[in-house]
Structures are given as structure tokens and as C-alpha cells.
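Okay, structure first, notes after.
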Amino acid sequence: MSARPADVAGTLAEALRPVVGGDLPVRLTAWDGSTAGAADGPHVRLNSPDALRRLLWHPGELGAAQAYVAGDLEVDGNVADALRHAWGTVADRDLKDRGTLLARLPRALRAAFTTGAVGAPLTAPKTQIAVRGRLHSRTRDRDVIHHHYDVDSRFYEMILDQHMAYSCAYVTEGDIDGAETDAYPLEAAQADKLDLVCRKIGLDQRPGMTMLDVGCGWGSLSLHAAERYGAKVTGVTIAEEQKAFIDKRIHDRGLQDRVTIELRDYRDVQGRYDAVASLEMGEHAGDKGYPTYAKVLHDAAHDDARILVQQMSRRGRHPGGGPFIEAFIAPDMTMRPVGDTIELLEAAGLEVRDVHAMREHYAWTVRSWQRRFDQNRSQIEQLVDPEVIRVWELYLAGGLLAFEQGRMGVDQILAVRRRTGPSRLPAVRPASWSDPRA
């Protein structure tokens, strides 16, 4: 058995030179107390040889995420700033061929086997989702949704706004490159988004319109449409915790005659409605399931109804969002370029009339979620396991950078059922579609 080196950090820094294109861009402290790397870079701590063992068996993003979630690896300070620094290093050193670089990683780490990292694969963190069954079967979809959404609602209440809107807000005031302020909080931006959706689908045209909310979450849109616009809303979800949460709000607000929430798979939607909306649910239908999802939206709409889909987009590798998202958050999520989604909607018999890009608004939204996460951290720590805390630190930081750097987008797509003759939408885009308070 080889002796372990007196300087683990220095050994690793030398082994990783071909991977990072030179000196370590971070300050690395290993479990033996040794340090190496850039004194002014983000401070990364390896608390155990297990951090390297995870990287040996899962090179790249997944191994690093497992190590962080398990507590084997720590980052001092803001995780998003550390990731931003890493992406900047990739650009500055022209490390574009990540596939080749990651292929070198196991060899580089094996060269440092004297650190004691070599061994059998470790058990995955308990927060990593173990999916079973046929892709997008009803049982598997329910299990995946249950993992992420069927947790104590108080956890989400400490991160989201009072509406409990778990989707991109619409920022009409302040600095779009910033986050919420006391003068313009997240609640206001989410209300502006909900108004924008309701007006785009025409709920302001007459009271009492029927509306279908596909993937209604914690009911932000369903309740807003009923309270503000007098709509009669049916929302569908497969998350029991979400339905219980909304049903209580319906009772507390006396909306039993205007809002009905069904614990129902979107594929079992029944009836036809004057308006249809689905906010950031289509990503979970997958590529094979999306034609069915689009047909459900089409078939649920009356001839004159408007259909609005708010959906994230992504180009290139990892349509599910990357190894971390696919392992810890949403294993079966699929994003695609917005043009491909439009083609799928049109193939289902819809005519797309408007596409509204909102990428910068999502970055603002995530910064606001991070702000609340940090403010309520002590309470969150009493409610959930430390692993969940670390999963969400990575989740929010990675999502923020993806939207900031243009690797992901989000769009509101407005459509109608295809017909001969006029679409019966306004010939000129109404001012309220730009300013929901107009």
C-alpha cells in the first residue's frame, strides 16, 4: 500500500494541471490541512477522501455535486460566485472541449491515488432520486413529482412569495439585473406575471370565463384568476401536498364556487374551457410525451379559447438541465430550443400567435429566491435535512447562472386552435401585454 503524501492539496493541484489548463483557479484546502492554488480564488475545502472517490467514479458535474451534497466538499462564501468563477476560468483558458477534459479527470485523479481516495464506489446521497419504471409512465411521473414537490409546504413558503408561484416572475419595476427590493418585492413581480397571463388569455374580457390550469402547482394562477378576474378555474396536479395546500387556501378565501383542484394526471384532463394555461409544466412531459401534452391543451380549449404555455428552453447537450438537475431535482425533465417547442404545438393543431422571451426575468426571480433562502436559513435548517439545504444551494446557484449566461431561457407562448379566417386575437398587441397594470 502506497504511503499518503504529506501535502494532499499540492499533490492534487499537480495532478489536475492538464484538466484545468494550469494552476488551480481556486484555493484548495484538503482534509490534511494542506493548501494549494490561487490565494484570491474561491475557497474549496475537501473534508474527506470521499470527495475524490466520488469524482473518480462520477467524473465531472455529478461527482462534484454528490461530494457537495454529502458534505465531503464545501465552498466558503457564495456558491453562485464560485460557479461563476469556474465558468469564467473555462472561458479565459479556452477550456471548451469539456468532454476531452472530463475524460482526463479520472486519470489525473488516479495519479493522486496516494491521497487514499481510491476505493469502491460510495452510496449516493439520500437526496439523489432513484427513478424506476418506464420513462414518463404515470407511476414514474408521480414518483418524480412526489420527490421534489410533496414536502412540507412550509419549506417552499420560506423561499417563494406569498402567491407560492414556483415559476418565472415578470419584472416591471426596478433593476432587471438585480433582485427584489422592499419597494418592489417578489410578490409584486409574481402578481405582475399572473396578471400578464390572465390578460393574455383574455380573462379580462368578461367575468365568469372557465379556465384550465394544467400543472397548477400551489395554486398561484388558479387563485389569482378566480379572485382578480372572476374566472371559474379547474386546476390539475399530481402532487398531493400541493392539492392539500390549495384546498385550504380555497376554503380560507371562500372560493369553493370558483376554484376546483383535481388530483389528476394531465393526460386525464376532461372538458373544454374558455382559456387554458400551463406554467412550466410542459418540461416534465418529455420529448415523447410532448405531442400528447400539446394535444391535451388543444382539445381542452374551446374554438375561440387562447392557450398560454410558459416554458423553459435549452440548446445543446443535457436537455434535462445537466447531471446535477437530472439526478437530484427532475430526472425526466426535457428542455429544447423554443422553435422546436413551437413546432410541436403547431403539430397538435395550434397556431402560435405570440412568443415572449423572459430569460432576464428568471435570473431576477432566482436571485430573489436566493435572498429569501438566505434570510430564512435558520428556520429552513430546522425543517429539512442538511442535504436538502445543500441541494438547494446548488440548484439555485446553477439555475441563476444558466439564465444569466444564456444557457437556458424561458418564454410565454400564446396560441389558439388553428382555424380558417381571423384568429380573433387583437390585431395590435394590447398595452397590457407589456404592462399588466395598463
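We name chains A, B, ... following the order of the C-alpha cells; residues begin at 1 in each chain, and ligands are numbered from 1 as shown.
Within 9 Å of Leu396 in chain A, once only C-alpha atoms are used and residues closer than 5 positions along the same chain are dropped, the contacting residues are Ala80, Val366, Arg367, Trp369, Gln370, Val391 and Leu401 of chain A.
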Using only C-alpha atoms, which residues sit within 12 Å of Leu223 in chain A once same-chain residues fewer than 6 positions away are excluded, as JSON, numbers by chain?
-> {"A": [162, 163, 164, 165, 191, 194, 195, 198, 211, 212, 213, 216, 217, 229, 230, 231, 232, 233, 234, 235, 245, 246, 247, 248, 249, 250, 251, 252, 253, 254, 255, 256, 257, 258, 259, 260, 261]}
If you keep N, CA, C and O atoms, can you produce a file of those selected residues as a compact mmCIF listing (two decimals), in the first residue's frame?
# COMPACT_ATOMS: atom_id res chain seq x y z
N GLN A 162 -45.68 35.07 -1.45
CA GLN A 162 -46.95 34.76 -0.80
C GLN A 162 -47.93 34.05 -1.74
O GLN A 162 -48.79 33.30 -1.30
N HIS A 163 -47.79 34.28 -3.05
CA HIS A 163 -48.64 33.58 -4.02
C HIS A 163 -48.24 32.10 -4.13
O HIS A 163 -49.00 31.31 -4.66
N MET A 164 -47.04 31.76 -3.70
CA MET A 164 -46.45 30.43 -3.88
C MET A 164 -46.29 30.10 -5.36
O MET A 164 -46.56 28.99 -5.82
N ALA A 165 -45.82 31.08 -6.12
CA ALA A 165 -45.58 30.90 -7.55
C ALA A 165 -44.18 30.34 -7.75
O ALA A 165 -43.18 31.01 -7.46
N ALA A 191 -47.24 38.88 -9.03
CA ALA A 191 -48.59 39.37 -9.35
C ALA A 191 -48.62 39.96 -10.75
O ALA A 191 -49.60 39.77 -11.51
N LEU A 194 -48.79 37.01 -13.07
CA LEU A 194 -50.12 36.39 -13.08
C LEU A 194 -51.12 37.26 -13.84
O LEU A 194 -51.95 36.74 -14.59
N ASP A 195 -51.04 38.58 -13.66
CA ASP A 195 -51.90 39.48 -14.43
C ASP A 195 -51.60 39.37 -15.92
O ASP A 195 -52.51 39.37 -16.76
N CYS A 198 -53.17 36.20 -17.24
CA CYS A 198 -54.64 36.29 -17.27
C CYS A 198 -55.12 37.18 -18.41
O CYS A 198 -56.12 36.87 -19.08
N MET A 211 -61.59 28.37 -17.00
CA MET A 211 -60.15 28.29 -17.27
C MET A 211 -59.60 26.98 -16.73
O MET A 211 -59.98 26.52 -15.66
N LEU A 212 -58.68 26.39 -17.50
CA LEU A 212 -57.97 25.19 -17.09
C LEU A 212 -56.51 25.55 -16.80
O LEU A 212 -55.85 26.17 -17.62
N ASP A 213 -56.03 25.16 -15.61
CA ASP A 213 -54.65 25.40 -15.19
C ASP A 213 -53.95 24.04 -15.11
O ASP A 213 -54.17 23.28 -14.17
N CYS A 216 -50.94 22.95 -11.83
CA CYS A 216 -51.28 24.20 -11.14
C CYS A 216 -50.37 24.54 -9.97
O CYS A 216 -50.52 25.61 -9.37
N GLY A 217 -49.43 23.66 -9.62
CA GLY A 217 -48.51 23.98 -8.53
C GLY A 217 -49.25 24.20 -7.23
O GLY A 217 -50.15 23.44 -6.86
N TYR A 229 -60.13 38.10 -11.54
CA TYR A 229 -60.83 38.18 -12.82
C TYR A 229 -62.17 37.45 -12.82
O TYR A 229 -62.85 37.42 -13.86
N GLY A 230 -62.54 36.86 -11.70
CA GLY A 230 -63.84 36.20 -11.61
C GLY A 230 -63.95 34.94 -12.44
O GLY A 230 -65.06 34.50 -12.76
N ALA A 231 -62.82 34.33 -12.79
CA ALA A 231 -62.85 33.12 -13.60
C ALA A 231 -63.28 31.92 -12.76
O ALA A 231 -63.11 31.90 -11.54
N LYS A 232 -63.83 30.93 -13.44
CA LYS A 232 -64.15 29.65 -12.82
C LYS A 232 -63.07 28.66 -13.25
O LYS A 232 -63.01 28.27 -14.42
N VAL A 233 -62.24 28.27 -12.30
CA VAL A 233 -60.98 27.61 -12.63
C VAL A 233 -60.98 26.15 -12.19
O VAL A 233 -61.43 25.82 -11.09
N THR A 234 -60.44 25.32 -13.07
CA THR A 234 -60.11 23.94 -12.72
C THR A 234 -58.60 23.79 -12.82
O THR A 234 -58.02 24.05 -13.88
N GLY A 235 -57.97 23.40 -11.72
CA GLY A 235 -56.53 23.17 -11.73
C GLY A 235 -56.24 21.69 -11.55
O GLY A 235 -56.98 21.00 -10.84
N PHE A 245 -52.62 21.95 0.06
CA PHE A 245 -52.29 23.36 0.32
C PHE A 245 -53.31 24.28 -0.36
O PHE A 245 -53.84 25.22 0.26
N ILE A 246 -53.61 24.02 -1.63
CA ILE A 246 -54.55 24.89 -2.36
C ILE A 246 -55.95 24.76 -1.80
O ILE A 246 -56.68 25.76 -1.66
N ASP A 247 -56.38 23.54 -1.49
CA ASP A 247 -57.73 23.36 -0.95
C ASP A 247 -57.94 24.18 0.31
O ASP A 247 -59.03 24.74 0.53
N LYS A 248 -56.90 24.27 1.15
CA LYS A 248 -57.03 25.09 2.35
C LYS A 248 -57.17 26.56 1.99
O LYS A 248 -57.98 27.29 2.58
N ARG A 249 -56.38 27.02 1.02
CA ARG A 249 -56.49 28.42 0.61
C ARG A 249 -57.86 28.70 -0.02
O ARG A 249 -58.43 29.77 0.19
N ILE A 250 -58.37 27.76 -0.78
CA ILE A 250 -59.70 27.93 -1.37
C ILE A 250 -60.74 28.11 -0.26
O ILE A 250 -61.59 29.01 -0.32
N HIS A 251 -60.65 27.27 0.76
CA HIS A 251 -61.60 27.35 1.88
C HIS A 251 -61.43 28.66 2.65
O HIS A 251 -62.42 29.35 2.96
N ASP A 252 -60.17 29.02 2.93
CA ASP A 252 -59.92 30.23 3.71
C ASP A 252 -60.39 31.48 2.99
O ASP A 252 -60.81 32.46 3.63
N ARG A 253 -60.36 31.47 1.66
CA ARG A 253 -60.74 32.65 0.88
C ARG A 253 -62.16 32.58 0.34
O ARG A 253 -62.59 33.48 -0.39
N GLY A 254 -62.86 31.53 0.67
CA GLY A 254 -64.26 31.41 0.24
C GLY A 254 -64.42 31.29 -1.27
O GLY A 254 -65.36 31.82 -1.85
N LEU A 255 -63.52 30.52 -1.90
CA LEU A 255 -63.54 30.40 -3.36
C LEU A 255 -64.05 29.03 -3.82
O LEU A 255 -63.80 28.62 -4.95
N GLN A 256 -64.80 28.34 -2.97
CA GLN A 256 -65.24 26.98 -3.31
C GLN A 256 -66.09 26.94 -4.57
O GLN A 256 -66.11 25.93 -5.27
N ASP A 257 -66.79 28.04 -4.86
CA ASP A 257 -67.65 28.05 -6.04
C ASP A 257 -66.91 28.45 -7.31
O ASP A 257 -67.48 28.42 -8.41
N ARG A 258 -65.60 28.83 -7.17
CA ARG A 258 -64.87 29.32 -8.34
C ARG A 258 -63.60 28.53 -8.66
O ARG A 258 -63.09 28.62 -9.78
N VAL A 259 -63.08 27.77 -7.71
CA VAL A 259 -61.84 27.03 -7.95
C VAL A 259 -62.01 25.59 -7.51
O VAL A 259 -62.42 25.31 -6.38
N THR A 260 -61.67 24.68 -8.43
CA THR A 260 -61.67 23.24 -8.13
C THR A 260 -60.30 22.68 -8.50
O THR A 260 -59.83 22.89 -9.62
N ILE A 261 -59.68 22.00 -7.55
CA ILE A 261 -58.37 21.40 -7.80
C ILE A 261 -58.54 19.89 -7.85
O ILE A 261 -59.07 19.29 -6.91
Straight-line distance linking CA of Thr292 in chain A with CA of Arg267 in chain A, stated in Å to one decimal | 7.4 Å
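Checking A:Glu240, A:Asp72, A:Glu61, A:Glu187 one by one against His147 in chain A, counting only C-alpha atoms, you find the shortest gap at A:Glu240.
Relative to CA of Tyr170 in chain A, CA of Ala189 in chain A is found at 5.2 Å.
The environment of Pro42 in chain A within 9 Å, counting only C-alpha atoms and disregarding residues fewer than 5 places along the same chain, consists of A:Pro25, A:Val26, A:Arg27, A:Leu28, A:Val75, A:Asp76, A:Gly77, A:Asn78, A:Asp81, A:Ala82, A:His85.
Atom pair CA of Phe403 in chain A / CA of Glu360 in chain A has a distance of 6.8 Å (rounded to one decimal).
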Per-residue nearest contacts of range 114-142 of chain A to range 325-348 of chain A (7 Å; only C-alpha atoms) as JSON lines:
{"residue": "A:Thr127", "atom": "CA", "partner": "A:Phe328", "partner_atom": "CA", "distance": 6.5}
{"residue": "A:Gln128", "atom": "CA", "partner": "A:Phe328", "partner_atom": "CA", "distance": 4.7}
{"residue": "A:Ile129", "atom": "CA", "partner": "A:Phe328", "partner_atom": "CA", "distance": 5.6}
